[in-house]
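Quick look at run-v1.csv (CSV, C-alpha atoms and all ligand atoms):
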```
chain,number,residue,atom,x,y,z
A,1,MET,CA,216.9,50.1,97.3
A,2,SER,CA,216.4,46.6,96.1
A,3,ALA,CA,218.1,45.1,93.1
A,4,TYR,CA,216.3,45.0,89.8
A,5,ARG,CA,214.3,41.7,89.4
A,6,PRO,CA,213.5,40.6,85.9
A,7,ILE,CA,209.9,40.2,84.9
A,8,ARG,CA,209.0,36.5,84.6
A,9,PRO,CA,205.8,34.6,83.9
A,10,LEU,CA,204.4,33.0,87.0
A,11,PRO,CA,204.5,29.2,87.2
A,12,GLU,CA,201.2,27.5,86.4
A,13,GLN,CA,200.7,26.2,89.9
A,14,LEU,CA,201.2,29.6,91.5
A,15,ILE,CA,198.8,31.1,89.1
A,16,ASN,CA,196.2,28.5,90.2
A,17,GLN,CA,197.0,29.1,93.8
A,18,ILE,CA,196.5,32.9,93.3
A,19,ALA,CA,193.1,32.1,91.7
A,20,ALA,CA,192.3,29.8,94.6
A,21,GLY,CA,192.7,32.8,96.8
A,22,GLU,CA,189.7,34.3,95.2
A,23,VAL,CA,187.3,31.4,95.1
A,24,VAL,CA,188.6,29.0,97.7
A,25,GLU,CA,188.4,30.7,101.0
A,26,ARG,CA,187.4,27.7,103.2
A,27,PRO,CA,185.9,24.2,102.9
A,28,ALA,CA,182.5,25.7,102.3
A,29,SER,CA,183.7,27.4,99.1
A,30,VAL,CA,185.0,24.1,97.8
A,31,VAL,CA,181.6,22.5,98.5
A,32,LYS,CA,179.9,25.4,96.7
A,33,GLU,CA,182.0,25.0,93.6
A,34,LEU,CA,181.7,21.3,93.5
A,35,VAL,CA,178.0,21.1,94.1
A,36,GLU,CA,177.4,23.8,91.5
A,37,ASN,CA,179.3,21.7,89.0
A,38,SER,CA,177.1,18.8,89.9
A,39,LEU,CA,174.0,20.9,89.3
A,40,ASP,CA,175.4,22.2,86.0
A,41,ALA,CA,175.9,18.5,85.0
A,42,GLY,CA,172.2,17.9,85.4
A,43,ALA,CA,172.5,15.8,88.6
A,44,ASP,CA,169.3,15.2,90.6
A,45,ARG,CA,171.1,13.4,93.5
A,46,ILE,CA,174.1,14.8,95.2
A,47,ASP,CA,175.9,13.2,98.1
A,48,VAL,CA,178.2,15.2,100.3
A,49,ASP,CA,180.6,13.4,102.6
A,50,LEU,CA,182.8,15.4,105.0
A,51,GLU,CA,185.4,14.7,107.6
A,52,THR,CA,186.6,17.2,110.2
A,53,GLY,CA,184.6,20.1,109.0
A,54,GLY,CA,185.7,19.5,105.4
A,55,LYS,CA,189.4,20.0,106.3
A,56,ARG,CA,190.4,16.4,105.9
A,57,LEU,CA,187.9,15.4,103.3
A,58,ILE,CA,185.2,16.8,101.1
A,59,ARG,CA,183.7,14.2,98.8
A,60,ILE,CA,180.9,15.2,96.4
A,61,ARG,CA,179.2,12.5,94.3
A,62,ASP,CA,176.6,13.2,91.7
A,63,ASN,CA,174.6,11.3,89.1
A,64,GLY,CA,175.1,13.9,86.4
A,65,GLN,CA,176.3,13.5,82.9
A,66,GLY,CA,179.9,12.7,83.7
A,67,ILE,CA,183.1,13.7,82.0
A,68,PRO,CA,184.6,11.5,79.2
A,69,ARG,CA,188.1,10.1,79.7
A,70,GLU,CA,189.8,12.4,77.2
A,71,GLN,CA,188.4,15.5,79.0
A,72,LEU,CA,189.4,14.7,82.5
A,73,ALA,CA,192.8,16.5,82.3
A,74,LEU,CA,191.1,19.5,80.7
A,75,ALA,CA,188.6,19.7,83.5
A,76,LEU,CA,191.6,20.3,85.8
A,77,SER,CA,193.1,22.9,83.5
A,78,ARG,CA,192.8,26.6,84.0
A,79,HIS,CA,190.2,28.5,81.9
A,80,ALA,CA,188.9,25.4,80.3
A,81,THR,CA,185.1,25.0,80.4
A,82,SER,CA,182.3,23.3,78.6
A,83,LYS,CA,179.8,26.0,79.6
A,84,ILE,CA,180.5,29.0,77.4
A,85,GLY,CA,182.5,29.6,74.2
A,86,SER,CA,181.9,33.2,73.3
A,87,LEU,CA,181.2,36.6,74.8
A,88,ASP,CA,177.6,36.2,73.5
A,89,GLU,CA,177.2,33.1,75.6
A,90,LEU,CA,178.8,34.7,78.6
A,91,GLU,CA,176.2,37.5,78.4
A,92,ARG,CA,173.3,35.1,78.6
A,93,VAL,CA,174.9,32.3,80.6
A,94,GLY,CA,172.4,30.0,82.4
A,95,SER,CA,174.9,27.7,84.1
A,96,LEU,CA,176.2,28.3,87.6
A,97,GLY,CA,179.8,28.0,86.4
A,98,PHE,CA,181.6,29.4,83.4
A,99,ARG,CA,185.0,30.6,84.4
A,100,GLY,CA,186.8,27.2,84.2
A,101,GLU,CA,188.7,28.0,87.4
A,102,ALA,CA,187.3,26.1,90.2
A,103,LEU,CA,188.7,22.6,89.7
A,104,PRO,CA,192.3,23.8,88.8
A,105,SER,CA,192.2,26.2,91.8
A,106,ILE,CA,191.0,23.6,94.2
A,107,ALA,CA,193.5,21.0,92.8
A,108,SER,CA,196.3,23.5,93.4
A,109,VAL,CA,195.7,23.6,97.1
A,110,SER,CA,194.6,20.1,98.0
A,111,ARG,CA,194.9,16.4,97.0
A,112,LEU,CA,192.2,16.0,94.5
A,113,ARG,CA,190.8,12.9,92.9
A,114,LEU,CA,188.3,13.1,90.1
A,115,THR,CA,186.4,10.0,89.1
A,116,SER,CA,183.8,10.1,86.4
A,117,ARG,CA,181.8,8.0,84.0
A,118,VAL,CA,179.7,9.0,81.1
A,119,ARG,CA,176.7,6.8,80.0
A,120,ALA,CA,178.4,5.5,76.9
A,121,ASP,CA,181.3,4.0,78.7
A,122,GLU,CA,181.6,0.7,80.3
A,123,HIS,CA,183.4,1.9,83.4
A,124,ALA,CA,184.7,5.1,84.9
A,125,TRP,CA,188.0,6.9,84.7
A,126,GLN,CA,190.0,8.6,87.4
A,127,VAL,CA,192.7,11.2,87.8
A,128,GLU,CA,194.5,12.2,90.9
A,129,THR,CA,196.7,15.2,91.7
A,130,ASP,CA,198.7,16.1,94.6
A,131,GLY,CA,198.7,19.9,94.5
A,132,ASP,CA,201.5,20.3,92.1
A,133,GLU,CA,201.5,17.4,89.8
A,134,VAL,CA,200.5,17.5,86.2
A,135,PRO,CA,197.4,15.2,86.0
A,136,PRO,CA,198.6,11.7,85.2
A,137,GLU,CA,196.9,9.5,82.6
A,138,PRO,CA,193.4,8.5,83.7
A,139,ALA,CA,193.2,5.1,85.3
A,140,PRO,CA,190.1,2.8,85.0
A,141,ALA,CA,187.8,2.9,88.1
A,142,ALA,CA,184.5,1.7,89.3
A,143,HIS,CA,181.8,4.3,89.5
A,144,PRO,CA,178.2,4.6,88.2
A,145,GLU,CA,177.2,7.2,85.7
A,146,GLY,CA,178.2,10.6,87.2
A,147,THR,CA,181.1,12.1,88.9
A,148,THR,CA,182.8,12.0,92.3
A,149,VAL,CA,185.3,14.7,93.3
A,150,GLU,CA,187.3,14.0,96.5
A,151,VAL,CA,189.3,16.9,98.0
A,152,ARG,CA,191.6,15.9,100.8
A,153,ASP,CA,193.8,18.0,103.1
A,154,LEU,CA,192.7,21.4,101.9
A,155,PHE,CA,195.5,23.9,102.0
A,156,PHE,CA,198.1,21.3,102.9
A,157,ASN,CA,200.6,23.0,100.7
A,158,THR,CA,199.6,26.6,101.5
A,159,PRO,CA,200.3,27.0,105.3
A,160,GLY,CA,199.4,30.7,105.1
A,161,ARG,CA,195.9,29.8,104.2
A,162,ARG,CA,195.6,26.8,106.4
A,163,LYS,CA,196.1,28.7,109.5
A,164,PHE,CA,192.9,30.7,108.9
A,165,LEU,CA,190.8,27.6,109.0
A,166,LYS,CA,188.6,27.6,112.0
A,167,ALA,CA,187.4,24.8,114.3
A,168,ASP,CA,185.7,21.8,112.7
A,169,ARG,CA,182.4,22.9,114.1
A,170,THR,CA,182.7,26.4,112.6
A,171,GLU,CA,183.8,25.2,109.2
A,172,LEU,CA,180.9,22.6,109.2
A,173,GLY,CA,178.5,25.5,110.1
A,174,HIS,CA,179.6,27.4,107.0
A,175,ILE,CA,179.1,24.3,104.9
A,176,GLN,CA,175.7,23.6,106.3
A,177,GLU,CA,174.6,27.1,105.5
A,178,LEU,CA,175.9,26.8,102.0
A,179,ILE,CA,174.1,23.6,101.5
A,180,ARG,CA,170.9,25.1,102.8
A,181,ARG,CA,171.2,27.8,100.2
A,182,LEU,CA,171.8,25.4,97.4
A,183,ALA,CA,169.0,23.1,98.6
A,184,LEU,CA,166.7,26.1,98.7
A,185,ALA,CA,167.7,27.1,95.2
A,186,ARG,CA,167.0,23.6,93.7
A,187,PHE,CA,164.0,21.8,95.1
A,188,ASP,CA,164.3,19.3,92.3
A,189,VAL,CA,167.6,17.8,93.6
A,190,SER,CA,168.0,15.5,96.5
A,191,ILE,CA,170.9,16.2,98.8
A,192,HIS,CA,172.4,13.9,101.4
A,193,VAL,CA,175.1,15.1,103.7
A,194,ARG,CA,177.3,13.0,106.1
A,195,HIS,CA,179.9,14.3,108.5
A,196,ASN,CA,182.4,12.0,110.1
A,197,ASP,CA,180.2,9.1,109.0
A,198,LYS,CA,177.1,10.5,110.7
A,199,PRO,CA,174.1,11.6,108.7
A,200,GLY,CA,173.6,15.3,108.4
A,201,LEU,CA,171.1,17.2,106.3
A,202,GLN,CA,169.1,14.9,104.1
A,203,VAL,CA,166.5,16.3,101.7
A,204,ALA,CA,164.6,14.5,99.0
A,205,ALA,CA,163.6,16.2,95.8
A,206,ALA,CA,160.3,17.9,96.0
A,207,ARG,CA,157.9,17.2,93.1
A,208,ASP,CA,154.8,19.1,94.3
A,209,GLN,CA,153.7,21.9,96.6
A,210,ASP,CA,153.3,19.8,99.7
A,211,ALA,CA,156.7,18.2,99.3
A,212,ALA,CA,158.2,21.7,98.7
A,213,GLU,CA,156.7,23.0,102.0
A,214,GLU,CA,157.9,19.9,103.8
A,215,ARG,CA,161.4,20.5,102.5
A,216,LEU,CA,161.2,24.1,103.3
A,217,ALA,CA,160.2,23.3,106.9
A,218,ARG,CA,163.2,21.0,107.1
A,219,LEU,CA,165.6,23.6,105.8
A,220,LEU,CA,164.2,26.7,107.6
A,221,GLY,CA,161.9,25.4,110.4
A,222,ARG,CA,158.2,24.8,110.5
A,223,GLY,CA,157.6,28.2,112.0
A,224,PHE,CA,158.6,30.0,108.9
A,225,VAL,CA,156.4,27.8,106.7
A,226,GLU,CA,153.4,28.2,108.9
A,227,GLN,CA,153.8,31.9,109.3
A,228,SER,CA,154.4,32.9,105.7
A,229,LEU,CA,152.5,34.0,102.6
A,230,ARG,CA,153.0,32.4,99.3
A,231,VAL,CA,153.9,34.8,96.5
A,232,ASP,CA,153.4,33.9,92.8
A,233,VAL,CA,153.4,36.7,90.3
A,234,GLU,CA,154.4,37.2,86.7
A,235,ALA,CA,154.6,40.7,85.1
A,236,ALA,CA,156.8,42.8,83.0
A,237,GLY,CA,158.7,39.7,81.8
A,238,LEU,CA,159.6,38.9,85.3
A,239,ALA,CA,158.5,36.1,87.6
A,240,LEU,CA,158.5,36.1,91.4
A,241,ARG,CA,157.6,33.1,93.5
A,242,GLY,CA,158.3,32.0,97.0
A,243,TRP,CA,157.4,32.7,100.6
A,244,VAL,CA,157.5,35.9,102.6
A,245,ALA,CA,157.1,35.7,106.4
A,246,LEU,CA,154.2,37.4,108.1
A,247,PRO,CA,155.2,40.3,110.3
A,248,THR,CA,154.6,37.9,113.3
A,249,PHE,CA,157.6,35.9,112.2
A,250,SER,CA,160.0,38.8,111.8
A,251,ARG,CA,163.6,38.4,113.0
A,252,THR,CA,166.1,40.4,115.0
A,253,THR,CA,168.8,39.9,112.3
A,254,ALA,CA,168.7,39.5,108.6
A,255,ASP,CA,169.5,35.7,108.9
A,256,LEU,CA,166.5,34.3,107.0
A,257,GLN,CA,166.6,36.2,103.7
A,258,TYR,CA,167.2,34.2,100.6
A,259,LEU,CA,166.9,35.6,97.1
A,260,VAL,CA,167.3,33.2,94.2
A,261,VAL,CA,167.8,34.8,90.9
A,262,ASN,CA,167.7,32.4,87.9
A,263,GLY,CA,168.6,29.5,90.2
A,264,ARG,CA,171.5,31.3,91.9
A,265,VAL,CA,171.3,32.5,95.5
A,266,VAL,CA,172.5,36.0,95.5
A,267,ARG,CA,173.0,39.0,97.7
A,268,ASP,CA,171.8,42.2,96.3
A,269,ARG,CA,171.5,45.4,98.3
A,270,MET,CA,169.1,47.0,96.0
A,271,ALA,CA,166.7,44.0,96.0
A,272,SER,CA,166.9,43.6,99.8
A,273,HIS,CA,166.2,47.3,100.1
A,274,ALA,CA,163.1,47.0,97.9
A,275,ILE,CA,161.9,44.0,100.0
A,276,ARG,CA,162.5,45.8,103.2
A,277,ARG,CA,160.6,48.8,102.0
A,278,ALA,CA,157.6,46.6,101.1
A,279,TYR,CA,157.5,45.5,104.7
A,280,GLN,CA,157.9,49.1,106.0
A,281,ASP,CA,154.3,49.5,107.1
A,282,VAL,CA,153.9,46.2,108.8
A,283,LEU,CA,157.2,45.7,110.6
A,284,TYR,CA,158.7,47.3,113.6
A,285,LYS,CA,161.8,49.3,112.7
A,286,ASP,CA,164.4,47.1,114.3
A,287,ARG,CA,163.0,43.9,112.9
A,288,TYR,CA,164.0,42.1,109.8
A,289,PRO,CA,161.7,40.4,107.3
A,290,ALA,CA,162.3,36.7,106.5
A,291,TYR,CA,161.8,35.4,103.0
A,292,VAL,CA,162.7,32.9,100.4
A,293,LEU,CA,162.1,34.4,97.0
A,294,TYR,CA,162.7,33.1,93.5
A,295,MET,CA,163.0,35.6,90.7
A,296,ASP,CA,163.3,34.7,87.1
A,297,VAL,CA,164.8,37.3,84.9
A,298,ASP,CA,165.8,37.1,81.2
A,299,PRO,CA,169.5,36.0,81.5
A,300,GLY,CA,170.5,38.8,79.2
A,301,GLN,CA,169.2,41.2,81.8
A,302,VAL,CA,171.5,40.0,84.6
A,303,ASP,CA,175.3,40.1,84.8
A,304,VAL,CA,176.6,37.3,86.9
A,305,ASN,CA,180.2,38.0,86.1
A,306,VAL,CA,180.7,40.5,88.8
A,307,HIS,CA,182.7,38.5,91.4
A,308,PRO,CA,184.7,35.3,91.1
A,309,ALA,CA,182.5,33.5,93.7
A,310,LYS,CA,179.4,34.9,92.0
A,311,HIS,CA,177.6,36.0,95.2
A,312,GLU,CA,176.4,39.1,93.5
A,313,VAL,CA,174.7,40.0,90.3
A,314,ARG,CA,174.1,43.2,88.5
A,315,PHE,CA,170.8,43.9,86.9
A,316,ARG,CA,170.8,45.8,83.7
A,317,ASP,CA,167.6,47.6,84.6
A,318,GLY,CA,167.8,47.9,88.4
A,319,ARG,CA,164.8,50.3,88.6
A,320,LEU,CA,162.5,47.8,87.0
A,321,ILE,CA,163.6,45.0,89.4
A,322,TYR,CA,163.3,47.4,92.4
A,323,ASP,CA,159.8,48.5,91.5
A,324,PHE,CA,158.6,45.0,90.6
A,325,LEU,CA,159.8,43.6,94.0
A,326,PHE,CA,158.5,46.5,96.0
A,327,ARG,CA,155.1,46.7,94.3
A,328,HIS,CA,154.2,43.0,94.4
A,329,LEU,CA,155.5,42.3,97.8
A,330,ARG,CA,153.7,45.3,99.3
A,331,GLN,CA,150.5,44.1,97.6
A,332,ALA,CA,150.9,40.6,99.1
A,333,LEU,CA,151.6,42.1,102.6
A,334,GLU,CA,148.7,44.5,102.4
A,335,SER,CA,146.3,41.6,103.1
A,336,VAL,CA,147.9,41.3,106.6
A,337,ARG,CA,148.0,44.9,107.3
A,338,PRO,CA,145.1,45.5,109.8
A,339,GLU,CA,147.3,44.7,112.8
A,340,ALA,CA,150.1,46.8,111.5
A,341,PRO,CA,152.3,48.0,114.3
A,342,GLY,CA,154.8,50.8,113.5
A,343,GLY,CA,154.2,51.9,110.0
A,344,ALA,CA,150.6,53.1,110.2
A,345,ALA,CA,151.3,55.4,113.1
A,346,ALA,CA,154.6,56.6,111.9
B,1,LIG,P1,183.4,25.8,85.2
B,1,LIG,O1,182.3,25.2,86.1
B,1,LIG,O2,183.5,27.3,85.4
B,1,LIG,O3,183.2,25.4,83.8
B,1,LIG,P2,185.2,24.1,86.7
B,1,LIG,O4,186.7,24.2,86.9
B,1,LIG,O5,184.4,24.1,87.9
B,1,LIG,O6,184.8,25.3,85.7
B,1,LIG,O7,184.9,22.8,85.9
B,1,LIG,C1,185.6,22.6,84.6
B,1,LIG,C2,184.8,21.7,83.7
B,1,LIG,O8,184.8,20.4,84.2
B,1,LIG,C3,183.3,22.1,83.6
B,1,LIG,O9,183.1,23.0,82.6
B,1,LIG,C4,182.6,20.7,83.3
B,1,LIG,O10,182.7,20.5,81.9
B,1,LIG,C5,183.5,19.7,84.0
B,1,LIG,N1,182.9,19.3,85.2
B,1,LIG,C6,183.3,19.7,86.5
B,1,LIG,N2,182.6,19.1,87.5
B,1,LIG,C7,181.8,18.3,86.8
B,1,LIG,C8,180.7,17.3,87.3
B,1,LIG,N3,180.5,17.1,88.6
B,1,LIG,N4,180.1,16.6,86.3
B,1,LIG,C9,180.3,16.8,85.0
B,1,LIG,N5,181.3,17.7,84.5
B,1,LIG,C10,182.0,18.4,85.4
B,2,MG,MG,182.5,25.1,88.2
```
Here is a file; write its structure as structure tokens.
Amino acid sequence: MSAYRPIRPLPEQLINQIAAGEVVERPASVVKELVENSLDAGADRIDVDLETGGKRLIRIRDNGQGIPREQLALALSRHATSKIGSLDELERVGSLGFRGEALPSIASVSRLRLTSRVRADEHAWQVETDGDEVPPEPAPAAHPEGTTVEVRDLFFNTPGRRKFLKADRTELGHIQELIRRLALARFDVSIHVRHNDKPGLQVAAARDQDAAEERLARLLGRGFVEQSLRVDVEAAGLALRGWVALPTFSRTTADLQYLVVNGRVVRDRMASHAIRRAYQDVLYKDRYPAYVLYMDVDPGQVDVNVHPAKHEVRFRDGRLIYDFLFRHLRQALESVRPEAPGGAAA
């Protein structure tokens, strides 16, 4: 039997590293948190610079509202957020973030530099941390209005985590998929990616329908755009827009299924089931539908506080959402039914 160990509060850095275990799995999770912060700050241009699959460097620069000098240290403190202040606000939160955990978590497992400038200031301010340091006093820096977060040497001080990092190519692949999802969620934002100083995905903000389809083609391929139906319905206080592929563009895996709920790309079993069922009569059994769908729901009707990384949501009235998706997508697909393969005979 082991000797009695007294109960002690955990050190702050360890608390942050434990929290990092939930939200910072790999470079792509850092990119997700930082780009979401840029979106929450109202940016419409985001630059992502990466080195070695994000392992050596992730730099996200935005033209959002910035963080004032006296708030920089708070931005790196745990459970400090500008996005909510009450349970009531949590229950109808519209921002992507609200937990106040991403920056302190990332800072606890990397070397982080935060540079930011608000419009009212003449220049920017910068703070740097080295995994364990208390953020020092902000130093003056040069930077246009907006924010740059640089994350170097991810997991340098947590070898247990570091050894789960995969090859650069693999980590880059995860980042690319993540950026594709964010780029699909926010057509009004231009995104420019560079990896090892070479240009990667570059998408301009799309202001009209043609530009949107051009951007969609760039993100998901022209085939999808050419072989899909547009959906645009509003009913029962819900709105559904987007593209659903014709049965001729069906896939052998569920690799092209994007559901964006209130600006957040989510996975939801119930919703994907409803969509799949809408395709039932027009798709062979072993094929998967492809779609990019945007659903707007009253924020009070969705709970986004289900998982730290917020990949999932919970609908207060799941039945309503299910029926809405099923009914309207089936209607849209009915127009292409004549050539229906499996369903009609089954
Ligand atoms: P959360 O996003 O949940 O609030 P974070 O730890 O991600 O928590 O960020 C903490 C705070 O820092 C945010 O609430 C926001 O006020 C500020 N912040 C972070 N990133 C940016 C950014 N790119 N632009 C402006 N403010 C930012
Ligand atoms: Mg955040």
- Message: What's the separation between atom CA of Ala73 of chain A and atom O8 of ligand LIG 1 (chain B), in Å to one decimal place?
- Response: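 Value for the atom CA of Ala73 of chain A-atom O8 of ligand LIG 1 (chain B) distance: 9.1 Å.
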- Query: Residues at most 12 Å from Ala212 of chain A, counting only C-alpha atoms, excluding those fewer than 4 positions away in the same chain, as a PyMOL selection string?
  - Reply: chain A and resi 183-190+203-208+216-220+225+230+242-243
How close does segment 104-153 of chain A get to segment 10-15 of chain A? List, as CSV, each residue of segment 104-153 of chain A within 10 Å, its nearest atom pair and the distance in Å to one decimal, counting all atoms listed in the file.
```
residue,atom,partner,partner_atom,distance
A:Pro104,CA,A:Gln13,CA,8.8
A:Ser105,CA,A:Ile15,CA,8.7
A:Ala107,CA,A:Gln13,CA,9.3
A:Ser108,CA,A:Gln13,CA,6.2
A:Val109,CA,A:Gln13,CA,9.1
A:Gly131,CA,A:Gln13,CA,8.1
A:Asp132,CA,A:Gln13,CA,6.3
A:Glu133,CA,A:Gln13,CA,8.8
A:Val134,CA,A:Gln13,CA,9.5
```
Selection export as a short mmCIF file (atom, residue, chain, number, x, y, z; two decimals), keeping the file's coordinate frame, atoms kept: C-alpha atoms:
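Result file follows (result-v3.cif):
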```cif
data_model
loop_
_atom_site.label_atom_id
_atom_site.label_comp_id
_atom_site.auth_asym_id
_atom_site.auth_seq_id
_atom_site.Cartn_x
_atom_site.Cartn_y
_atom_site.Cartn_z
CA PRO A 104 192.30 23.80 88.80
CA SER A 105 192.20 26.20 91.80
CA ALA A 107 193.50 21.00 92.80
CA SER A 108 196.30 23.50 93.40
CA VAL A 109 195.70 23.60 97.10
CA GLY A 131 198.70 19.90 94.50
CA ASP A 132 201.50 20.30 92.10
CA GLU A 133 201.50 17.40 89.80
CA VAL A 134 200.50 17.50 86.20
#
```
Contact check, chain A to ligand MG 2 (chain B), at most 6 Å, counting only C-alpha atoms and all ligand atoms, closest pairs as a tab-separated table:
```
residue	atom	partner	partner_atom	distance
A:Glu33	CA	B:MG2	MG	5.4
A:Asn37	CA	B:MG2	MG	4.7
A:Gly97	CA	B:MG2	MG	4.4
A:Ala102	CA	B:MG2	MG	5.3
```
- Test item: residues no farther than 6 Å from ligand LIG 1 (chain B), counting all atoms listed in the file, as a ChimeraX atom specification: /A:37-38,41,64-67,75,81-83,97-104,147
- Between A:Ser86, A:Asn16, A:Gln202, A:Ser110, which is the closest to Val151 of chain A once you count all atoms listed in the file?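 Nearest candidate to Val151 of chain A out of A:Ser86, A:Asn16, A:Gln202, A:Ser110: A:Ser110.
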- Looking at A:Ala120, A:Leu320, A:Val304, A:Val31, which one is nearest to Ser95 of chain A, with distances taken over all atoms listed in the file? A:Val304
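Atom CA of Leu72 of chain A lies 23.1 Å from atom CA of Glu89 of chain A.
Taking atom CA of Asn196 of chain A and atom CA of Leu50 of chain A as the two end points, the separation is 6.1 Å.
The residue that comes closest to Pro144 of chain A, out of A:Thr115, A:Gln227, A:Thr252, A:Gln301 and on the basis of all atoms listed in the file, is A:Thr115.
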- Which residues, written as a PyMOL selection string, have at least one atom at most 12 Å from segment 275-285 of chain A, with only C-alpha atoms counted and residues fewer than 3 positions away on the same chain left out? chain A and resi 244-254+257-259+268-272+288-293+321-346
